[in-house]
Structure formats: structure tokens, C-alpha cells
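The structure file input-v2.cif is reproduced below (mmCIF, C-alpha atoms and all ligand atoms).
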data_model
loop_
_atom_site.label_atom_id
_atom_site.label_comp_id
_atom_site.auth_asym_id
_atom_site.auth_seq_id
_atom_site.Cartn_x
_atom_site.Cartn_y
_atom_site.Cartn_z
CA MET A 1 20.37 -7.80 -23.22
CA LYS A 2 19.13 -4.65 -21.53
CA ARG A 3 18.70 -3.89 -17.84
CA VAL A 4 15.73 -1.72 -16.93
CA VAL A 5 15.47 -0.12 -13.51
CA VAL A 6 11.86 -0.43 -12.35
CA GLU A 7 11.79 0.34 -8.61
CA LYS A 8 8.04 0.03 -8.39
CA LYS A 9 5.90 -1.09 -5.49
CA ILE A 10 4.21 -4.36 -6.38
CA LEU A 11 1.00 -3.19 -4.74
CA GLU A 12 1.16 0.28 -6.29
CA ARG A 13 -2.24 -0.15 -7.93
CA ASN A 14 -3.84 -1.24 -4.66
CA ASP A 15 -2.27 1.70 -2.84
CA GLU A 16 -3.60 4.12 -5.46
CA SER A 17 -7.11 2.71 -5.11
CA ALA A 18 -6.84 2.93 -1.32
CA LYS A 19 -5.86 6.57 -1.69
CA LYS A 20 -8.92 7.17 -3.89
CA ILE A 21 -11.11 5.56 -1.22
CA ARG A 22 -9.65 7.87 1.44
CA GLU A 23 -10.38 10.90 -0.72
CA ILE A 24 -13.97 9.83 -1.37
CA LEU A 25 -14.57 9.14 2.33
CA LYS A 26 -12.94 12.37 3.39
CA ASN A 27 -15.11 14.40 1.02
CA LYS A 28 -18.19 12.65 2.35
CA GLY A 29 -17.09 13.02 5.96
CA VAL A 30 -17.19 9.27 6.50
CA PHE A 31 -15.01 7.49 9.07
CA ALA A 32 -14.12 3.95 7.93
CA LEU A 33 -13.13 0.97 10.07
CA ASN A 34 -11.56 -2.22 8.69
CA PHE A 35 -12.32 -5.20 10.98
CA MET A 36 -9.85 -8.06 10.69
CA ALA A 37 -9.69 -11.33 12.64
CA SER A 38 -9.77 -15.11 12.36
CA PRO A 39 -13.08 -16.71 11.39
CA GLY A 40 -15.27 -16.90 14.47
CA ALA A 41 -13.34 -14.35 16.55
CA GLY A 42 -16.50 -12.27 16.83
CA LYS A 43 -16.26 -9.64 14.08
CA THR A 44 -19.93 -9.72 13.16
CA THR A 45 -21.08 -9.90 16.79
CA ILE A 46 -18.99 -6.89 17.80
CA ILE A 47 -20.14 -5.00 14.72
CA GLU A 48 -23.80 -5.77 15.61
CA LYS A 49 -23.32 -4.51 19.17
CA THR A 50 -21.52 -1.42 17.94
CA ILE A 51 -24.29 -0.59 15.49
CA GLU A 52 -26.98 -1.13 18.15
CA ALA A 53 -25.19 1.20 20.54
CA LEU A 54 -24.34 3.95 18.08
CA LYS A 55 -27.08 3.96 15.47
CA ASP A 56 -29.28 6.53 17.19
CA ASN A 57 -26.50 9.11 16.99
CA TYR A 58 -24.52 8.03 13.93
CA ARG A 59 -25.53 6.94 10.46
CA ILE A 60 -23.71 3.68 9.71
CA SER A 61 -23.11 1.67 6.52
CA TYR A 62 -21.62 -1.80 6.32
CA ILE A 63 -19.58 -3.65 3.70
CA ASP A 64 -19.41 -7.41 4.20
CA GLY A 65 -16.41 -9.19 2.76
CA ASP A 66 -16.58 -12.29 4.88
CA LEU A 67 -16.83 -15.27 2.52
CA ASP A 68 -19.57 -16.13 0.09
CA THR A 69 -22.59 -16.59 2.28
CA ASP A 70 -24.74 -13.60 3.10
CA ARG A 71 -25.29 -14.73 6.68
CA ASP A 72 -23.38 -11.82 8.18
CA ALA A 73 -24.91 -9.30 5.78
CA SER A 74 -28.42 -10.39 6.67
CA ARG A 75 -27.63 -10.22 10.40
CA ILE A 76 -26.58 -6.58 9.96
CA LYS A 77 -29.43 -5.75 7.58
CA LYS A 78 -31.87 -6.65 10.36
CA LEU A 79 -30.56 -3.65 12.27
CA GLY A 80 -31.84 -1.34 9.53
CA ILE A 81 -28.37 -0.56 8.18
CA ASP A 82 -27.40 -0.11 4.52
CA VAL A 83 -25.43 -3.24 3.60
CA VAL A 84 -23.33 -4.23 0.60
CA GLN A 85 -22.04 -7.74 0.20
CA ILE A 86 -18.74 -8.21 -1.64
CA ASN A 87 -18.61 -11.56 -3.36
CA THR A 88 -15.03 -12.50 -2.62
CA SER A 89 -15.55 -15.92 -4.28
CA GLY A 90 -12.89 -17.71 -2.34
CA ALA A 91 -10.47 -14.78 -2.02
CA CYS A 92 -8.55 -14.72 1.24
CA HIS A 93 -8.60 -10.94 1.67
CA LEU A 94 -10.30 -7.76 0.51
CA ASP A 95 -8.35 -5.40 -1.68
CA ALA A 96 -8.88 -1.71 -2.36
CA ASP A 97 -10.44 -2.29 -5.78
CA MET A 98 -13.11 -4.53 -4.27
CA VAL A 99 -13.92 -1.89 -1.66
CA LEU A 100 -13.88 0.90 -4.26
CA LYS A 101 -16.46 -1.04 -6.27
CA ALA A 102 -18.59 -1.62 -3.17
CA LEU A 103 -18.50 2.13 -2.40
CA LYS A 104 -20.54 2.70 -5.56
CA GLN A 105 -23.35 0.60 -4.13
CA VAL A 106 -23.32 1.45 -0.44
CA SER A 107 -24.86 4.60 0.98
CA LEU A 108 -22.11 7.11 1.74
CA ASP A 109 -24.53 9.48 3.40
CA CYS A 110 -23.24 8.11 6.64
CA ASP A 111 -20.85 8.92 9.48
CA ILE A 112 -19.27 5.50 9.91
CA LEU A 113 -18.47 2.88 7.30
CA ILE A 114 -17.77 -0.55 8.72
CA ILE A 115 -15.84 -3.02 6.58
CA GLU A 116 -15.80 -6.65 7.72
CA ASN A 117 -12.75 -8.21 6.08
CA VAL A 118 -12.34 -11.89 5.21
CA GLY A 119 -11.78 -14.04 8.29
CA ASN A 120 -8.03 -14.58 8.20
CA LEU A 121 -5.12 -13.31 10.33
CA VAL A 122 -2.59 -13.35 7.48
CA CYS A 123 -3.70 -12.16 4.06
CA PRO A 124 -5.81 -9.03 4.83
CA ALA A 125 -2.83 -7.44 6.65
CA THR A 126 -0.99 -6.88 3.37
CA PHE A 127 -3.75 -4.96 1.57
CA ASP A 128 -4.63 -1.38 2.45
CA VAL A 129 -8.37 -0.97 1.87
CA GLY A 130 -8.49 2.76 2.49
CA ALA A 131 -9.96 2.66 6.00
CA ASN A 132 -9.13 5.26 8.64
CA LYS A 133 -8.44 2.63 11.29
CA ASN A 134 -7.68 -1.08 11.40
CA VAL A 135 -9.51 -2.93 14.16
CA VAL A 136 -8.01 -6.37 14.84
CA ILE A 137 -9.99 -8.76 17.01
CA LEU A 138 -8.34 -11.61 18.88
CA SER A 139 -10.57 -13.99 20.81
CA VAL A 140 -9.63 -15.88 23.94
CA PRO A 141 -10.20 -19.43 22.56
CA GLU A 142 -7.61 -18.78 19.83
CA GLY A 143 -4.85 -18.76 22.44
CA ASP A 144 -2.45 -16.19 23.87
CA ASP A 145 0.37 -16.89 21.41
CA LYS A 146 -1.24 -15.24 18.38
CA VAL A 147 0.48 -11.85 18.49
CA LYS A 148 3.90 -13.42 18.01
CA LYS A 149 2.53 -15.86 15.43
CA TYR A 150 0.92 -13.16 13.29
CA PRO A 151 3.21 -10.15 13.81
CA VAL A 152 2.36 -8.56 10.46
CA MET A 153 -1.34 -8.40 11.29
CA PHE A 154 -0.81 -7.08 14.83
CA ASN A 155 1.69 -4.56 13.50
CA VAL A 156 -0.93 -2.96 11.22
CA ALA A 157 -3.60 -2.77 13.95
CA ASP A 158 -4.62 0.61 15.30
CA VAL A 159 -6.65 -1.03 18.03
CA VAL A 160 -6.83 -4.63 19.20
CA LEU A 161 -10.03 -5.89 20.79
CA LEU A 162 -9.54 -8.98 22.93
CA ASN A 163 -12.96 -10.64 22.64
CA LYS A 164 -14.67 -13.46 24.55
CA ILE A 165 -13.11 -12.54 27.89
CA ASP A 166 -16.13 -14.28 29.46
CA LEU A 167 -14.23 -17.48 28.61
CA LEU A 168 -11.04 -16.54 30.46
CA LYS A 169 -12.15 -18.49 33.52
CA PHE A 170 -12.27 -21.72 31.52
CA LEU A 171 -9.01 -21.39 29.60
CA ASP A 172 -5.31 -20.89 30.17
CA PHE A 173 -4.95 -17.50 28.61
CA ASP A 174 -2.43 -14.92 29.79
CA VAL A 175 -3.82 -11.46 29.02
CA GLU A 176 -0.67 -9.73 30.28
CA LYS A 177 1.45 -11.75 27.84
CA VAL A 178 -0.74 -10.62 24.94
CA LYS A 179 -0.49 -7.00 26.09
CA LYS A 180 3.29 -7.22 26.42
CA GLU A 181 3.77 -8.83 23.01
CA LEU A 182 1.43 -6.33 21.36
CA LYS A 183 3.38 -3.46 22.92
CA GLU A 184 6.56 -4.97 21.45
CA ILE A 185 5.33 -5.43 17.90
CA ASN A 186 3.15 -2.32 17.85
CA PRO A 187 3.77 0.20 20.65
CA ASP A 188 1.10 2.58 19.33
CA ALA A 189 -1.79 0.11 19.22
CA ASP A 190 -4.59 0.49 21.74
CA PHE A 191 -5.93 -2.56 23.55
CA ILE A 192 -9.43 -3.12 24.87
CA GLU A 193 -10.78 -6.27 26.52
CA VAL A 194 -14.40 -7.08 25.72
CA SER A 195 -17.02 -9.78 25.75
CA ALA A 196 -19.45 -9.16 22.94
CA LYS A 197 -21.65 -11.88 24.43
CA GLU A 198 -21.81 -10.65 28.03
CA GLY A 199 -21.24 -7.00 27.24
CA TYR A 200 -18.12 -6.52 29.41
CA GLY A 201 -15.90 -3.73 28.16
CA LEU A 202 -18.14 -2.78 25.27
CA ASP A 203 -18.88 0.67 26.72
CA ARG A 204 -15.14 1.38 26.74
CA TRP A 205 -14.95 0.38 23.09
CA PHE A 206 -17.95 2.57 22.17
CA GLU A 207 -16.43 5.57 23.98
CA TYR A 208 -13.07 4.91 22.33
CA LEU A 209 -14.72 4.82 18.89
CA LYS A 210 -16.72 8.00 19.52
CA ASN A 211 -13.49 9.75 20.50
CA LEU A 212 -11.73 8.55 17.35
CA ILE A 213 -14.53 9.92 15.21
CA ALA A 214 -14.69 13.22 17.07
CA ASN A 215 -10.92 13.70 16.75
CA SER A 216 -10.89 12.77 13.07
CA SER A 217 -13.54 15.38 12.23
CA LEU A 218 -11.31 18.05 13.79
CA LEU A 219 -8.57 17.35 11.25
CA MET B 1 -2.71 -17.51 -0.13
CA HIS B 2 -2.66 -13.82 -1.02
CA GLU B 3 0.63 -14.48 -2.83
CA GLY B 4 -1.54 -15.34 -5.87
CA ALA B 5 -2.78 -11.75 -5.94
CA ILE B 6 0.78 -10.47 -5.45
CA ALA B 7 2.00 -12.61 -8.36
CA GLU B 8 -0.76 -11.21 -10.59
CA SER B 9 0.25 -7.66 -9.68
CA ILE B 10 3.85 -8.48 -10.59
CA VAL B 11 2.77 -9.79 -13.99
CA ASP B 12 0.66 -6.66 -14.64
CA ILE B 13 3.62 -4.38 -13.91
CA LEU B 14 5.96 -6.52 -16.05
CA LYS B 15 3.60 -6.22 -19.02
CA GLN B 16 3.77 -2.45 -18.66
CA VAL B 17 7.57 -2.53 -18.37
CA MET B 18 7.76 -4.64 -21.51
CA ASP B 19 5.60 -2.18 -23.47
CA ASP B 20 7.36 0.91 -22.18
CA ASN B 21 10.81 -0.45 -23.06
CA ASN B 22 10.03 -2.34 -26.27
CA LEU B 23 11.15 -5.65 -24.81
CA LYS B 24 10.24 -8.91 -26.51
CA ARG B 25 11.03 -11.03 -23.51
CA ILE B 26 12.04 -10.68 -19.91
CA VAL B 27 14.69 -13.13 -18.76
CA ARG B 28 15.26 -11.98 -15.20
CA VAL B 29 13.36 -10.01 -12.57
CA ARG B 30 14.74 -8.86 -9.25
CA LEU B 31 12.22 -8.52 -6.43
CA LYS B 32 12.76 -7.05 -3.00
CA ILE B 33 10.51 -8.51 -0.33
CA GLY B 34 10.67 -7.37 3.28
CA LYS B 35 10.45 -9.99 5.99
CA MET B 36 7.61 -8.05 7.56
CA SER B 37 5.66 -7.53 4.32
CA GLY B 38 3.44 -10.51 5.02
CA VAL B 39 4.58 -12.31 1.88
CA MET B 40 5.97 -15.82 2.07
CA ILE B 41 8.71 -16.24 -0.51
CA ASP B 42 8.02 -19.91 -1.21
CA ALA B 43 4.32 -19.22 -1.71
CA LEU B 44 5.12 -16.31 -4.03
CA LEU B 45 7.49 -18.39 -6.16
CA PHE B 46 4.86 -21.12 -6.27
CA ALA B 47 2.20 -18.62 -7.39
CA LEU B 48 4.51 -17.20 -10.08
CA GLU B 49 5.25 -20.72 -11.29
CA ALA B 50 1.52 -21.43 -11.51
CA LEU B 51 1.04 -18.31 -13.68
CA ARG B 52 3.91 -19.12 -16.02
CA SER B 53 1.92 -21.30 -18.42
CA GLU B 54 -0.84 -18.72 -18.90
CA GLU B 55 1.18 -15.50 -18.94
CA ASP B 56 3.57 -15.19 -21.92
CA VAL B 57 5.37 -12.28 -20.32
CA ILE B 58 6.94 -14.55 -17.69
CA SER B 59 7.20 -17.75 -19.74
CA GLN B 60 11.01 -17.62 -19.66
CA THR B 61 11.62 -15.41 -16.67
CA ALA B 62 13.85 -16.20 -13.72
CA PHE B 63 12.91 -14.51 -10.45
CA ASP B 64 15.61 -13.41 -8.02
CA ILE B 65 14.18 -12.51 -4.66
CA VAL B 66 16.12 -10.38 -2.23
CA GLU B 67 14.64 -10.82 1.23
CA THR B 68 15.27 -7.81 3.47
CA ASP B 69 15.63 -7.92 7.24
CA VAL B 70 13.54 -5.71 9.46
CA LYS B 71 15.49 -2.55 10.27
CA ALA B 72 14.35 0.06 12.74
CA LYS B 73 15.76 3.14 14.39
CA CYS B 74 15.11 5.09 17.56
CA ASN B 75 14.40 8.73 16.82
CA ILE B 76 15.30 9.77 20.33
CA CYS B 77 18.74 8.20 20.89
CA GLY B 78 19.60 7.06 17.36
CA GLU B 79 20.04 3.39 18.28
CA PHE B 80 19.70 1.04 15.29
CA TYR B 81 18.07 -2.39 15.34
CA GLU B 82 18.07 -5.23 12.83
CA TYR B 83 16.00 -8.41 12.99
CA SER B 84 16.39 -11.36 10.64
CA ASP B 85 13.47 -13.19 12.23
CA VAL B 86 10.07 -11.41 12.30
CA SER B 87 8.93 -13.24 15.39
CA GLU B 88 11.81 -11.54 17.26
CA VAL B 89 10.88 -8.01 16.21
CA VAL B 90 10.52 -5.51 19.04
CA MET B 91 9.51 -2.02 17.97
CA LEU B 92 10.53 -0.42 21.26
CA CYS B 93 13.97 1.04 21.98
CA LYS B 94 15.80 -1.04 24.58
CA LYS B 95 17.63 2.08 25.80
CA CYS B 96 14.88 4.67 26.10
CA GLY B 97 11.69 2.64 25.77
CA MET B 98 10.33 4.75 22.92
CA PRO B 99 8.63 3.39 19.78
CA LEU B 100 11.01 2.77 16.87
CA ASP B 101 10.63 3.95 13.29
CA ILE B 102 10.75 1.14 10.77
CA ILE B 103 13.30 1.80 8.03
CA GLU B 104 13.11 -1.38 6.01
CA GLY B 105 11.40 -4.75 6.02
CA LYS B 106 7.83 -4.00 4.92
CA GLU B 107 8.54 -3.35 1.25
CA MET B 108 7.42 -5.38 -1.77
CA GLU B 109 9.12 -4.05 -4.84
CA ILE B 110 10.19 -4.86 -8.38
CA VAL B 111 13.77 -3.62 -8.43
CA ASP B 112 14.84 -4.17 -12.03
CA VAL B 113 14.44 -6.47 -15.02
CA GLU B 114 16.71 -7.83 -17.71
CA GLY B 115 15.29 -8.41 -21.13
CA GLU B 116 15.72 -7.94 -24.87
N1 LIG C 301 -18.48 -16.82 24.59
C1 LIG C 301 -18.49 -15.84 23.68
N2 LIG C 301 -18.86 -16.10 22.43
C2 LIG C 301 -18.86 -15.09 21.54
C3 LIG C 301 -18.46 -13.77 21.88
N3 LIG C 301 -18.53 -12.99 20.79
C4 LIG C 301 -18.94 -13.78 19.78
N4 LIG C 301 -19.16 -15.05 20.23
C5 LIG C 301 -19.61 -16.20 19.44
O1 LIG C 301 -18.60 -16.58 18.51
C6 LIG C 301 -19.17 -17.10 17.31
C7 LIG C 301 -18.62 -16.39 16.09
O2 LIG C 301 -19.00 -15.03 16.12
P1 LIG C 301 -19.06 -14.13 14.81
O3 LIG C 301 -19.41 -12.76 15.25
O4 LIG C 301 -19.94 -14.75 13.78
O5 LIG C 301 -17.53 -14.19 14.32
P2 LIG C 301 -16.84 -13.71 12.95
O6 LIG C 301 -16.66 -14.92 12.11
O7 LIG C 301 -15.52 -13.14 13.37
O8 LIG C 301 -17.73 -12.68 12.31
C8 LIG C 301 -20.68 -16.92 17.46
O9 LIG C 301 -21.23 -18.15 17.87
C9 LIG C 301 -20.80 -15.88 18.57
O10 LIG C 301 -21.99 -15.99 19.29
C10 LIG C 301 -18.08 -13.54 23.26
O11 LIG C 301 -17.72 -12.43 23.67
N5 LIG C 301 -18.09 -14.61 24.09
MG MG C 302 -18.52 -12.53 10.36
ZN ZN C 303 16.29 5.09 22.01
#
Conversion result in C-alpha cells:
Amino acid sequence: MKRVVVEKKILERNDESAKKIREILKNKGVFALNFMASPGAGKTTIIEKTIEALKDNYRISYIDGDLDTDRDASRIKKLGIDVVQINTSGACHLDADMVLKALKQVSLDCDILIIENVGNLVCPATFDVGANKNVVILSVPEGDDKVKKYPVMFNVADVVLLNKIDLLKFLDFDVEKVKKELKEINPDADFIEVSAKEGYGLDRWFEYLKNLIANSSLL
Amino acid sequence: MHEGAIAESIVDILKQVMDDNNLKRIVRVRLKIGKMSGVMIDALLFALEALRSEEDVISQTAFDIVETDVKAKCNICGEFYEYSDVSEVVMLCKKCGMPLDIIEGKEMEIVDVEGE
């Protein structure tokens, strides 16, 4: 019997592909966002509003990884944006190889690449997909206990958007608790409250995003 | 259940290890899984078990999983923190309020294998 020291990362292959994605995007001058949230939290709605607000000044492409229907992709296509649909066929997350493949089909003559991950607060957190920033959306109806329940996801967030704040008046939801728990699990994450439906807070998010992009192009 | 994808990655690496070291079978594999890696041990063992019948490389393999606590350190004052429960993790120093650096607890690694 022989003992072999391996000491290899299990997701080494995924990490290598994610690195390739970063190189491709960097060469093209593309800034990529990975949107993660539960199903129904408002990923597609926020993405639509973001595209509407920014498309006159930025060229935007979109990769849709949210389940097998093309409902989201066709919503975004209506905005005149180049869209690629990843057929995740039941997968619970996107991985870097899926995104790498999609990059061959999507227009990279753009400034911003938006990736809508599979609706799930657990699985996508484990797989680096090569984006510059992770945007995690939490929506008010999901409850104010989600940060502590899904610490791995909130730990990988660069920015958390609290969506559907128009519903705060109907529900017992403690925004301060969410802020405090987010600070504990991820002190560096930014936090913005929005209502994609009513438009509250969206300007702050757009400004925040423009700043991120401006700062990244200085690097 | 992303543990299925993790299990497949483990099998892919083990095939490579087998080739590189001229092993005919692998009897034991040691894995190190951090408590903040996002992997549930039971689900991973279940996924590996499900792959056993279709992947010869692990047909007779025992998996030992070492689960690591979350360890973090303050770069300002040097204070060290260890959490055995992820829901308790606080990444802020209690003494100086500064963000902590994570030292361990996010890894997912194949440590070593035994085979012949
Ligand atoms: N009340 C309210 N509903 C919203 C808001 N944002 C999205 N929704 C609704 O939530 C549902 C799911 O939104 P969608 O963007 O498809 O979520 P996704 O599954 O995360 O992509 C839709 O019916 C949206 O109209 C919001 O700010 N307030
Ligand atoms: Mg969607
Ligand atoms: Zn300190």
C-alpha cells in the first residue's frame, strides 16, 4: 500500500476556468457582475432596470443562467441587449466552464457583462464564475433571518441589494438586523436598499455601479 | 445539491492521481472540507456513494473527511478567533472592530490517498 500526498483543491479546474474568464474580460475591458439570489428575489427585474438606466452610456451583454425557460432571456432581449441563455438543465448553480462556453457566444464588445445565476442562495456561492463583483439580492418577503441562515452566500457578496422595500410596511422585517448581521459575516460588503418596482434607491445603485466601473478601469 | 458537482470533481482528480502514480486501486481518500466552504458533508458523502457504481476509480474507496473550523485573525491586534459553528461566525475583531482575515474554513481539498 502506498500513500500519495495530493494536496489539491477540489475545485481547481473551476478556479482555473474562472481565471481564464477574468483574463478574457480584462483584455476586452469588460466589467462582469454575477447576480445571485433566491428565485423571485428580483434579479431579472433589477437587471432590467439597470440596463434601462445605463444602456445609453454603456454597452451591456447578458448571460442568463436562471433555469431552463427563456422567460428571463426574452425579457432582457426586448431591451435590445445581446443575450446568451445557458441551458443549466436542472443544475443548481453556474460554474466557470458554463460561463466560459457562453462567452464564446455573447458579444464581448461591451462595457458590462451581467450574469444572472441560478436562483438559489446556497449552491452558486461555492463556484467562482470569473466575475469582477458578486451582487447578492435579498428581498423583504424572504424574511430578515437570511444572512445568518446563508452565511456562505453573504460572505462572498461584494454588495447586497435589499429589494422590495416597498413591502416593508406590510411585513415584520428588521432592516437594521440584516445590516448588523451582514456587517458581522462580511464587514466589507456594501448594502443598498431598493425597490425595483417603485424605483426607490435605484439611483443609488446605478451611481454605485458607475463608480465601481470607473474605479476598475483605473486599475 | 451542488455536492454532486463537487463529487464529480473529486473523481476527476482521483483518476489523474491514479494515472500519475500507477495505482490500480484507491482504498482511502482524505478530504479536508472547511465549515464555511458551502459543502454539506452528508450531502457530499451521499453524492460520492451515488457515483460509486458508475466510477470504477472509487468502487472500493473509503472517504475520510476532516471538517475544519473557521479560523480568523485580526491583522491589527493579532487576536485569534475560532468558530465551530458557521452561524456564529463574526468577521469583526471584538477588540478593535476591524475586519478579520480568514485563515481556514473555506477550503475544499484532497489531502492524500492510499492505494496500490
Ligand atoms: N413588490 C415588489 N415586487 C417586486 C420587486 N422587484 C421585483 N418584484 C416582483 O417579484 C417577482 C419576481 O421578480 P424577478 O425579477 O422575476 O425575480 P428573479 O427570479 O430573482 O429573477 C416579479 O413578480 C416582480 O415583479 C419590488 O421591488 N417590489
Ligand atoms: Mg430571473
Ligand atoms: Zn483586533
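Here atom CA of A:Lys169 and atom CA of A:Arg204 stand 21.2 Å from one another.
Candidate residues B:Val90, B:Val39, B:Ile103, B:Ile33 were compared for distance to chain A, and the nearest is B:Val90, using all atoms listed in the file.
Note that the spacing between atom CA of B:Asp56 and atom CA of B:Val29 amounts to 14.5 Å.
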With all atoms listed in the file counted and 10 Å as the cut-off, give the residues of chain A in contact with ligand MG 302 (chain C), each with its shortest interatomic distance in Å and the pair that gives it, as a tab-separated table.
residue	atom	partner	partner_atom	distance
A:Phe35	CA	C:MG302	MG	9.6
A:Met36	CA	C:MG302	MG	9.8
A:Ala37	CA	C:MG302	MG	9.2
A:Ser38	CA	C:MG302	MG	9.3
A:Pro39	CA	C:MG302	MG	6.9
A:Gly40	CA	C:MG302	MG	6.8
A:Ala41	CA	C:MG302	MG	8.3
A:Gly42	CA	C:MG302	MG	6.8
A:Lys43	CA	C:MG302	MG	5.2
A:Thr44	CA	C:MG302	MG	4.2
A:Thr45	CA	C:MG302	MG	7.4
A:Ile46	CA	C:MG302	MG	9.3
A:Ile47	CA	C:MG302	MG	8.9
A:Asp64	CA	C:MG302	MG	8.1
A:Gly65	CA	C:MG302	MG	8.6
A:Asp66	CA	C:MG302	MG	5.8
A:Leu67	CA	C:MG302	MG	8.5
A:Thr69	CA	C:MG302	MG	9.9
A:Asp70	CA	C:MG302	MG	9.6
A:Arg71	CA	C:MG302	MG	8.0
A:Asp72	CA	C:MG302	MG	5.4
A:Ala73	CA	C:MG302	MG	8.5
A:Arg75	CA	C:MG302	MG	9.4
A:Glu116	CA	C:MG302	MG	7.0
A:Asn117	CA	C:MG302	MG	8.4
A:Val118	CA	C:MG302	MG	8.1
A:Gly119	CA	C:MG302	MG	7.2
For chain B, work out the contacting residues on chain A at 10 Å, counting only C-alpha atoms, and write them as a ChimeraX atom specification.
-> /A:1-14,91-95,122-127,147-153,155,181-188
